[in-house]
file upload.pdb (PDB, C-alpha atoms)
ATOM      1  CA  MET A   1      -3.429  49.988 -87.349
ATOM      2  CA  GLU A   2      -4.487  46.502 -88.379
ATOM      3  CA  ILE A   3      -1.333  44.601 -87.375
ATOM      4  CA  ILE A   4       0.593  45.231 -84.160
ATOM      5  CA  PHE A   5       3.930  43.644 -83.274
ATOM      6  CA  SER A   6       4.510  43.817 -79.542
ATOM      7  CA  THR A   7       6.635  42.636 -76.648
ATOM      8  CA  PHE A   8       7.792  43.578 -73.179
ATOM      9  CA  ASN A   9      11.473  44.453 -73.126
ATOM     10  CA  ALA A  10      13.670  43.766 -70.123
ATOM     11  CA  ARG A  11      14.661  47.452 -70.008
ATOM     12  CA  TYR A  12      13.942  50.613 -71.932
ATOM     13  CA  SER A  13      17.366  50.458 -73.540
ATOM     14  CA  HIS A  14      16.564  47.092 -75.127
ATOM     15  CA  THR A  15      14.620  46.821 -78.345
ATOM     16  CA  ALA A  16      13.165  43.721 -79.897
ATOM     17  CA  LEU A  17      15.051  43.125 -83.138
ATOM     18  CA  ALA A  18      12.816  40.166 -83.983
ATOM     19  CA  LEU A  19       9.793  42.451 -84.286
ATOM     20  CA  ARG A  20      11.628  44.681 -86.735
ATOM     21  CA  CYS A  21      12.747  41.713 -88.832
ATOM     22  CA  LEU A  22       9.224  40.315 -88.962
ATOM     23  CA  ARG A  23       7.677  43.655 -89.844
ATOM     24  CA  ALA A  24      10.259  44.180 -92.588
ATOM     25  CA  ASN A  25       8.943  41.007 -94.238
ATOM     26  CA  LEU A  26       5.278  42.059 -94.426
ATOM     27  CA  GLY A  27       5.507  43.198 -98.030
ATOM     28  CA  ASP A  28       2.731  45.630 -98.889
ATOM     29  CA  LEU A  29       1.121  45.035 -95.475
ATOM     30  CA  HIS A  30       4.007  46.957 -93.864
ATOM     31  CA  ASP A  31       2.141  50.279 -93.872
ATOM     32  CA  ARG A  32      -0.784  48.601 -92.099
ATOM     33  CA  SER A  33       1.441  47.582 -89.174
ATOM     34  CA  GLU A  34       3.135  49.126 -86.173
ATOM     35  CA  ILE A  35       5.551  48.074 -83.427
ATOM     36  CA  ILE A  36       4.468  48.755 -79.840
ATOM     37  CA  GLU A  37       6.990  47.866 -77.151
ATOM     38  CA  PHE A  38       6.561  47.989 -73.412
ATOM     39  CA  GLU A  39       8.984  48.009 -70.548
ATOM     40  CA  HIS A  40       8.738  45.184 -68.073
ATOM     41  CA  SER A  41       7.506  47.740 -65.534
ATOM     42  CA  HIS A  42       4.258  48.285 -67.478
ATOM     43  CA  THR A  43       1.263  46.359 -66.178
ATOM     44  CA  PRO A  44      -0.621  43.900 -68.380
ATOM     45  CA  GLN A  45      -3.738  46.067 -67.968
ATOM     46  CA  THR A  46      -1.921  49.182 -69.201
ATOM     47  CA  ALA A  47      -0.467  47.281 -72.156
ATOM     48  CA  ALA A  48      -3.822  45.743 -73.085
ATOM     49  CA  GLU A  49      -5.537  49.133 -72.945
ATOM     50  CA  LYS A  50      -2.897  50.770 -75.134
ATOM     51  CA  LEU A  51      -3.018  47.939 -77.651
ATOM     52  CA  LEU A  52      -6.816  47.909 -77.808
ATOM     53  CA  ASP A  53      -6.905  51.698 -78.242
ATOM     54  CA  LEU A  54      -5.209  51.098 -81.601
ATOM     55  CA  ASN A  55      -8.057  48.761 -82.617
ATOM     56  CA  PRO A  56      -5.858  46.110 -84.269
ATOM     57  CA  LYS A  57      -7.110  43.019 -86.021
ATOM     58  CA  ILE A  58      -3.912  41.066 -85.272
ATOM     59  CA  ILE A  59      -1.388  41.323 -82.446
ATOM     60  CA  LEU A  60       1.852  39.369 -82.652
ATOM     61  CA  PHE A  61       3.876  38.912 -79.444
ATOM     62  CA  SER A  62       7.566  38.085 -79.172
ATOM     63  CA  VAL A  63       7.946  35.941 -76.050
ATOM     64  CA  TYR A  64      11.115  35.504 -74.010
ATOM     65  CA  ILE A  65      11.809  34.071 -70.568
ATOM     66  CA  TRP A  66      11.736  37.548 -68.966
ATOM     67  CA  ASN A  67       8.325  38.464 -70.402
ATOM     68  CA  LEU A  68       6.413  35.183 -70.506
ATOM     69  CA  THR A  69       4.297  35.930 -67.429
ATOM     70  CA  VAL A  70       3.425  39.521 -68.320
ATOM     71  CA  ILE A  71       2.559  38.588 -71.919
ATOM     72  CA  THR A  72       0.429  35.682 -70.692
ATOM     73  CA  GLU A  73      -1.497  38.072 -68.445
ATOM     74  CA  THR A  74      -1.812  40.655 -71.226
ATOM     75  CA  VAL A  75      -3.109  38.080 -73.703
ATOM     76  CA  THR A  76      -5.646  36.837 -71.146
ATOM     77  CA  ILE A  77      -6.986  40.394 -70.789
ATOM     78  CA  LEU A  78      -7.036  40.903 -74.558
ATOM     79  CA  ARG A  79      -8.848  37.615 -75.129
ATOM     80  CA  THR A  80     -11.461  38.558 -72.509
ATOM     81  CA  LEU A  81     -12.068  42.052 -73.873
ATOM     82  CA  ARG A  82     -11.799  41.231 -77.593
ATOM     83  CA  PRO A  83     -12.437  37.513 -78.159
ATOM     84  CA  ASN A  84     -12.208  37.851 -81.950
ATOM     85  CA  LEU A  85      -8.807  39.539 -81.922
ATOM     86  CA  LYS A  86      -6.216  37.397 -83.698
ATOM     87  CA  ILE A  87      -3.286  36.707 -81.370
ATOM     88  CA  VAL A  88      -0.019  35.234 -82.620
ATOM     89  CA  ILE A  89       2.878  34.249 -80.365
ATOM     90  CA  GLY A  90       6.443  33.354 -81.182
ATOM     91  CA  GLY A  91       9.927  33.495 -79.785
ATOM     92  CA  PRO A  92      12.312  31.220 -77.969
ATOM     93  CA  GLU A  93      10.145  30.755 -74.895
ATOM     94  CA  VAL A  94       7.163  29.372 -76.806
ATOM     95  CA  SER A  95       8.977  27.403 -79.478
ATOM     96  CA  HIS A  96       9.353  24.345 -77.244
ATOM     97  CA  GLU A  97       7.060  22.679 -74.713
ATOM     98  CA  HIS A  98       4.382  25.201 -75.676
ATOM     99  CA  GLU A  99       1.403  22.874 -75.205
ATOM    100  CA  GLU A 100       1.596  23.294 -71.429
ATOM    101  CA  LEU A 101       1.562  27.092 -71.502
ATOM    102  CA  SER A 102      -1.684  28.904 -70.792
ATOM    103  CA  LEU A 103      -0.442  31.531 -73.238
ATOM    104  CA  PHE A 104      -0.540  28.931 -76.008
ATOM    105  CA  LYS A 105      -4.142  28.098 -75.177
ATOM    106  CA  ASN A 106      -5.178  31.757 -75.584
ATOM    107  CA  ALA A 107      -3.320  32.322 -78.847
ATOM    108  CA  ASP A 108      -4.665  31.698 -82.320
ATOM    109  CA  HIS A 109      -1.287  30.837 -83.816
ATOM    110  CA  LEU A 110       2.189  29.863 -82.726
ATOM    111  CA  ILE A 111       5.233  30.583 -84.843
ATOM    112  CA  CYS A 112       8.049  28.126 -84.144
ATOM    113  CA  GLY A 113      11.447  29.036 -85.472
ATOM    114  CA  GLU A 114      12.071  31.854 -87.916
ATOM    115  CA  GLY A 115       8.901  33.646 -88.962
ATOM    116  CA  GLU A 116      10.274  35.989 -91.594
ATOM    117  CA  GLY A 117       9.426  33.642 -94.463
ATOM    118  CA  LEU A 118       5.824  33.106 -93.450
ATOM    119  CA  ILE A 119       4.719  36.291 -91.687
ATOM    120  CA  GLU A 120       3.197  38.018 -94.721
ATOM    121  CA  GLU A 121       1.115  34.996 -95.724
ATOM    122  CA  LEU A 122       0.004  34.374 -92.126
ATOM    123  CA  CYS A 123      -1.117  37.985 -91.687
ATOM    124  CA  ARG A 124      -3.002  37.909 -95.003
ATOM    125  CA  THR A 125      -4.779  34.720 -93.943
ATOM    126  CA  LEU A 126      -5.679  36.152 -90.547
ATOM    127  CA  LEU A 127      -6.953  39.414 -92.059
ATOM    128  CA  ASP A 128      -9.133  37.366 -94.427
ATOM    129  CA  GLU A 129     -10.502  35.416 -91.463
ATOM    130  CA  VAL A 130     -11.312  38.676 -89.665
ATOM    131  CA  ARG A 131     -13.157  39.945 -92.761
ATOM    132  CA  GLN A 132     -15.111  36.683 -92.834
ATOM    133  CA  GLY A 133     -15.872  36.941 -89.107
ATOM    134  CA  ARG A 134     -14.043  33.754 -88.135
ATOM    135  CA  ARG A 135     -12.098  33.214 -84.909
ATOM    136  CA  ASP A 136     -10.979  29.660 -85.722
ATOM    137  CA  ALA A 137      -7.857  29.180 -87.753
TER     138      ALA A 137
END
call {"tool": "encode", "arguments": {"input": "upload.pdb", "output": "C-alpha coordinates"}}
result
Amino acid sequence: MEIIFSTFNARYSHTALALRCLRANLGDLHDRSEIIEFEHSHTPQTAAEKLLDLNPKIILFSVYIWNLTVITETVTILRTLRPNLKIVIGGPEVSHEHEELSLFKNADHLICGEGEGLIEELCRTLLDEVRQGRRDA
(Lines of atoms letter the chains of each structure in order from A and count residues from 1; the text may use other names and numbers.)
(Lines give C-alpha, C1' and ligand atoms only; values in the text may rest on other atoms or scores of the structure.)
Protein backbone atom coordinates (compact mmCIF):
# COMPACT_ATOMS: atom_id res chain seq x y z
CA MET A 1 0.00 0.00 0.00
CA GLU A 2 1.37 3.41 -0.91
CA ILE A 3 -0.67 5.54 1.51
CA ILE A 4 -1.37 4.57 5.12
CA PHE A 5 -3.69 6.45 7.48
CA SER A 6 -2.87 5.60 11.07
CA THR A 7 -3.45 6.47 14.70
CA PHE A 8 -3.43 5.03 18.19
CA ASN A 9 -6.93 4.76 19.61
CA ALA A 10 -7.64 5.14 23.30
CA ARG A 11 -9.33 1.72 23.33
CA TYR A 12 -10.11 -1.05 20.89
CA SER A 13 -13.76 -0.02 20.83
CA HIS A 14 -12.85 3.43 19.51
CA THR A 15 -12.23 4.05 15.84
CA ALA A 16 -10.78 7.14 14.25
CA LEU A 17 -13.54 8.68 12.15
CA ALA A 18 -11.17 11.36 10.86
CA LEU A 19 -9.07 8.74 9.07
CA ARG A 20 -12.14 7.39 7.31
CA CYS A 21 -13.24 10.86 6.24
CA LEU A 22 -9.80 11.68 4.88
CA ARG A 23 -9.49 8.39 3.03
CA ALA A 24 -12.95 8.87 1.52
CA ASN A 25 -11.65 12.06 -0.10
CA LEU A 26 -8.65 10.50 -1.88
CA GLY A 27 -10.45 10.19 -5.20
CA ASP A 28 -8.81 7.58 -7.41
CA LEU A 29 -5.97 7.19 -4.89
CA HIS A 30 -8.41 5.46 -2.52
CA ASP A 31 -7.49 1.96 -3.70
CA ARG A 32 -3.82 2.75 -3.06
CA SER A 33 -4.51 3.47 0.62
CA GLU A 34 -5.29 1.63 3.82
CA ILE A 35 -6.21 2.46 7.42
CA ILE A 36 -4.07 0.88 10.15
CA GLU A 37 -5.15 1.59 13.71
CA PHE A 38 -3.41 0.62 16.91
CA GLU A 39 -4.54 0.39 20.48
CA HIS A 40 -2.77 2.57 22.99
CA SER A 41 -1.30 -0.62 24.46
CA HIS A 42 0.79 -1.26 21.32
CA THR A 43 4.40 -0.15 21.54
CA PRO A 44 5.85 2.38 19.10
CA GLN A 45 8.32 -0.29 17.94
CA THR A 46 5.52 -2.75 17.16
CA ALA A 47 3.55 -0.07 15.31
CA ALA A 48 6.58 1.07 13.31
CA GLU A 49 7.41 -2.50 12.31
CA LYS A 50 3.85 -3.21 11.18
CA LEU A 51 3.67 0.03 9.22
CA LEU A 52 7.04 -0.51 7.55
CA ASP A 53 6.10 -4.09 6.63
CA LEU A 54 3.47 -2.55 4.35
CA ASN A 55 6.20 -0.53 2.58
CA PRO A 56 4.21 2.72 2.31
CA LYS A 57 5.39 5.87 0.62
CA ILE A 58 3.23 8.10 2.84
CA ILE A 59 1.94 7.67 6.38
CA LEU A 60 -0.61 10.11 7.75
CA PHE A 61 -1.15 10.21 11.53
CA SER A 62 -4.19 11.54 13.37
CA VAL A 63 -2.89 13.02 16.63
CA TYR A 64 -4.89 13.52 19.81
CA ILE A 65 -3.93 14.30 23.39
CA TRP A 66 -4.06 10.60 24.37
CA ASN A 67 -1.72 9.47 21.58
CA LEU A 68 0.71 12.36 21.13
CA THR A 69 3.58 10.66 22.97
CA VAL A 70 3.22 7.24 21.35
CA ILE A 71 2.89 8.75 17.86
CA THR A 72 5.92 10.96 18.49
CA GLU A 73 7.94 7.88 19.44
CA THR A 74 6.61 5.92 16.46
CA VAL A 75 7.45 8.71 14.02
CA THR A 76 10.96 8.98 15.48
CA ILE A 77 11.49 5.26 14.80
CA LEU A 78 10.03 5.54 11.30
CA ARG A 79 12.20 8.55 10.48
CA THR A 80 15.31 6.68 11.68
CA LEU A 81 14.56 3.49 9.75
CA ARG A 82 13.13 5.10 6.59
CA PRO A 83 14.35 8.70 6.30
CA ASN A 84 12.66 9.20 2.91
CA LEU A 85 9.23 8.11 4.09
CA LYS A 86 6.72 10.95 3.80
CA ILE A 87 5.10 11.60 7.18
CA VAL A 88 2.03 13.80 7.56
CA ILE A 89 0.47 14.74 10.89
CA GLY A 90 -2.84 16.34 11.71
CA GLY A 91 -5.50 16.47 14.36
CA PRO A 92 -6.46 18.67 17.26
CA GLU A 93 -3.27 18.13 19.23
CA VAL A 94 -0.97 19.39 16.47
CA SER A 95 -3.14 22.13 15.04
CA HIS A 96 -1.96 24.68 17.61
CA GLU A 97 1.42 25.40 19.19
CA HIS A 98 2.90 22.74 16.91
CA GLU A 99 6.29 24.42 16.44
CA GLU A 100 7.41 23.26 19.88
CA LEU A 101 6.55 19.60 19.32
CA SER A 102 9.33 17.19 18.42
CA LEU A 103 6.71 15.36 16.36
CA PHE A 104 6.37 18.43 14.15
CA LYS A 105 10.11 18.49 13.56
CA ASN A 106 10.06 14.88 12.30
CA ALA A 107 7.06 15.30 10.02
CA ASP A 108 7.13 16.41 6.41
CA HIS A 109 3.73 18.09 6.53
CA LEU A 110 1.22 19.36 9.04
CA ILE A 111 -2.47 19.59 8.26
CA CYS A 112 -4.19 22.26 10.34
CA GLY A 113 -7.95 22.20 10.39
CA GLU A 114 -10.05 20.08 8.07
CA GLY A 115 -7.99 18.07 5.61
CA GLU A 116 -10.73 16.57 3.48
CA GLY A 117 -10.49 19.30 0.84
CA LEU A 118 -6.75 19.03 0.37
CA ILE A 119 -5.83 15.41 1.12
CA GLU A 120 -5.97 14.14 -2.47
CA GLU A 121 -3.77 16.93 -3.83
CA LEU A 122 -1.30 16.61 -0.94
CA CYS A 123 -0.95 12.85 -1.45
CA ARG A 124 -0.46 13.32 -5.21
CA THR A 125 2.26 15.89 -4.56
CA LEU A 126 4.00 13.66 -2.02
CA LEU A 127 3.85 10.63 -4.33
CA ASP A 128 5.40 12.75 -7.09
CA GLU A 129 8.17 13.80 -4.70
CA VAL A 130 8.82 10.15 -3.82
CA ARG A 131 9.06 9.27 -7.53
CA GLN A 132 11.53 12.13 -7.97
CA GLY A 133 13.54 10.98 -4.93
CA ARG A 134 12.97 14.15 -2.90
CA ARG A 135 12.53 14.31 0.87
CA ASP A 136 12.03 18.09 1.04
CA ALA A 137 8.58 19.47 0.52
call {"tool": "residues_around", "arguments": {"input": "upload.pdb", "residues": "range 61-64 of chain A", "least_positions_apart": "5", "cutoff": "6 Å", "atoms": "all atoms listed in the file", "output": "list in words"}}
result
Ser6, Thr7, Ile89, Gly90, Gly91, Pro92 and Glu93 of chain A
call {"tool": "residues_around", "arguments": {"input": "upload.pdb", "residues": "Glu116 in chain A", "least_positions_apart": "5", "cutoff": "8 Å", "atoms": "all atoms listed in the file", "output": "JSON, numbers by chain"}}
result
{"A": [21, 22, 25]}
call {"tool": "write_last_selection", "arguments": {"input": "upload.pdb", "atoms": "C-alpha atoms", "output": "PDB file, keeping the file's coordinate frame"}}
result
ATOM      1  CA  CYS A  21      12.747  41.713 -88.832  1.00  0.00           C
ATOM      2  CA  LEU A  22       9.224  40.315 -88.962  1.00  0.00           C
ATOM      3  CA  ASN A  25       8.943  41.007 -94.238  1.00  0.00           C
TER       4      ASN A  25
END
call {"tool": "resolve_selection", "arguments": {"input": "upload.pdb", "expression": "the PyMOL selection byres ((chain A and resi 8) around 9)", "output": "PyMOL selection string"}}
result
chain A and resi 6-7+9-11+16+37-42+61-64+66-68+70-71
call {"tool": "residues_around", "arguments": {"input": "upload.pdb", "residues": "Ile59 in chain A", "least_positions_apart": "5", "cutoff": "6 Å", "atoms": "all atoms listed in the file", "output": "list in words"}}
result
Ile3, Ile4, Phe5 and Ile87 of chain A
call {"tool": "atom_distance", "arguments": {"input": "upload.pdb", "atom1": "CA of Ala24 in chain A", "atom2": "CA of Gly115 in chain A"}}
result
11.2 Å
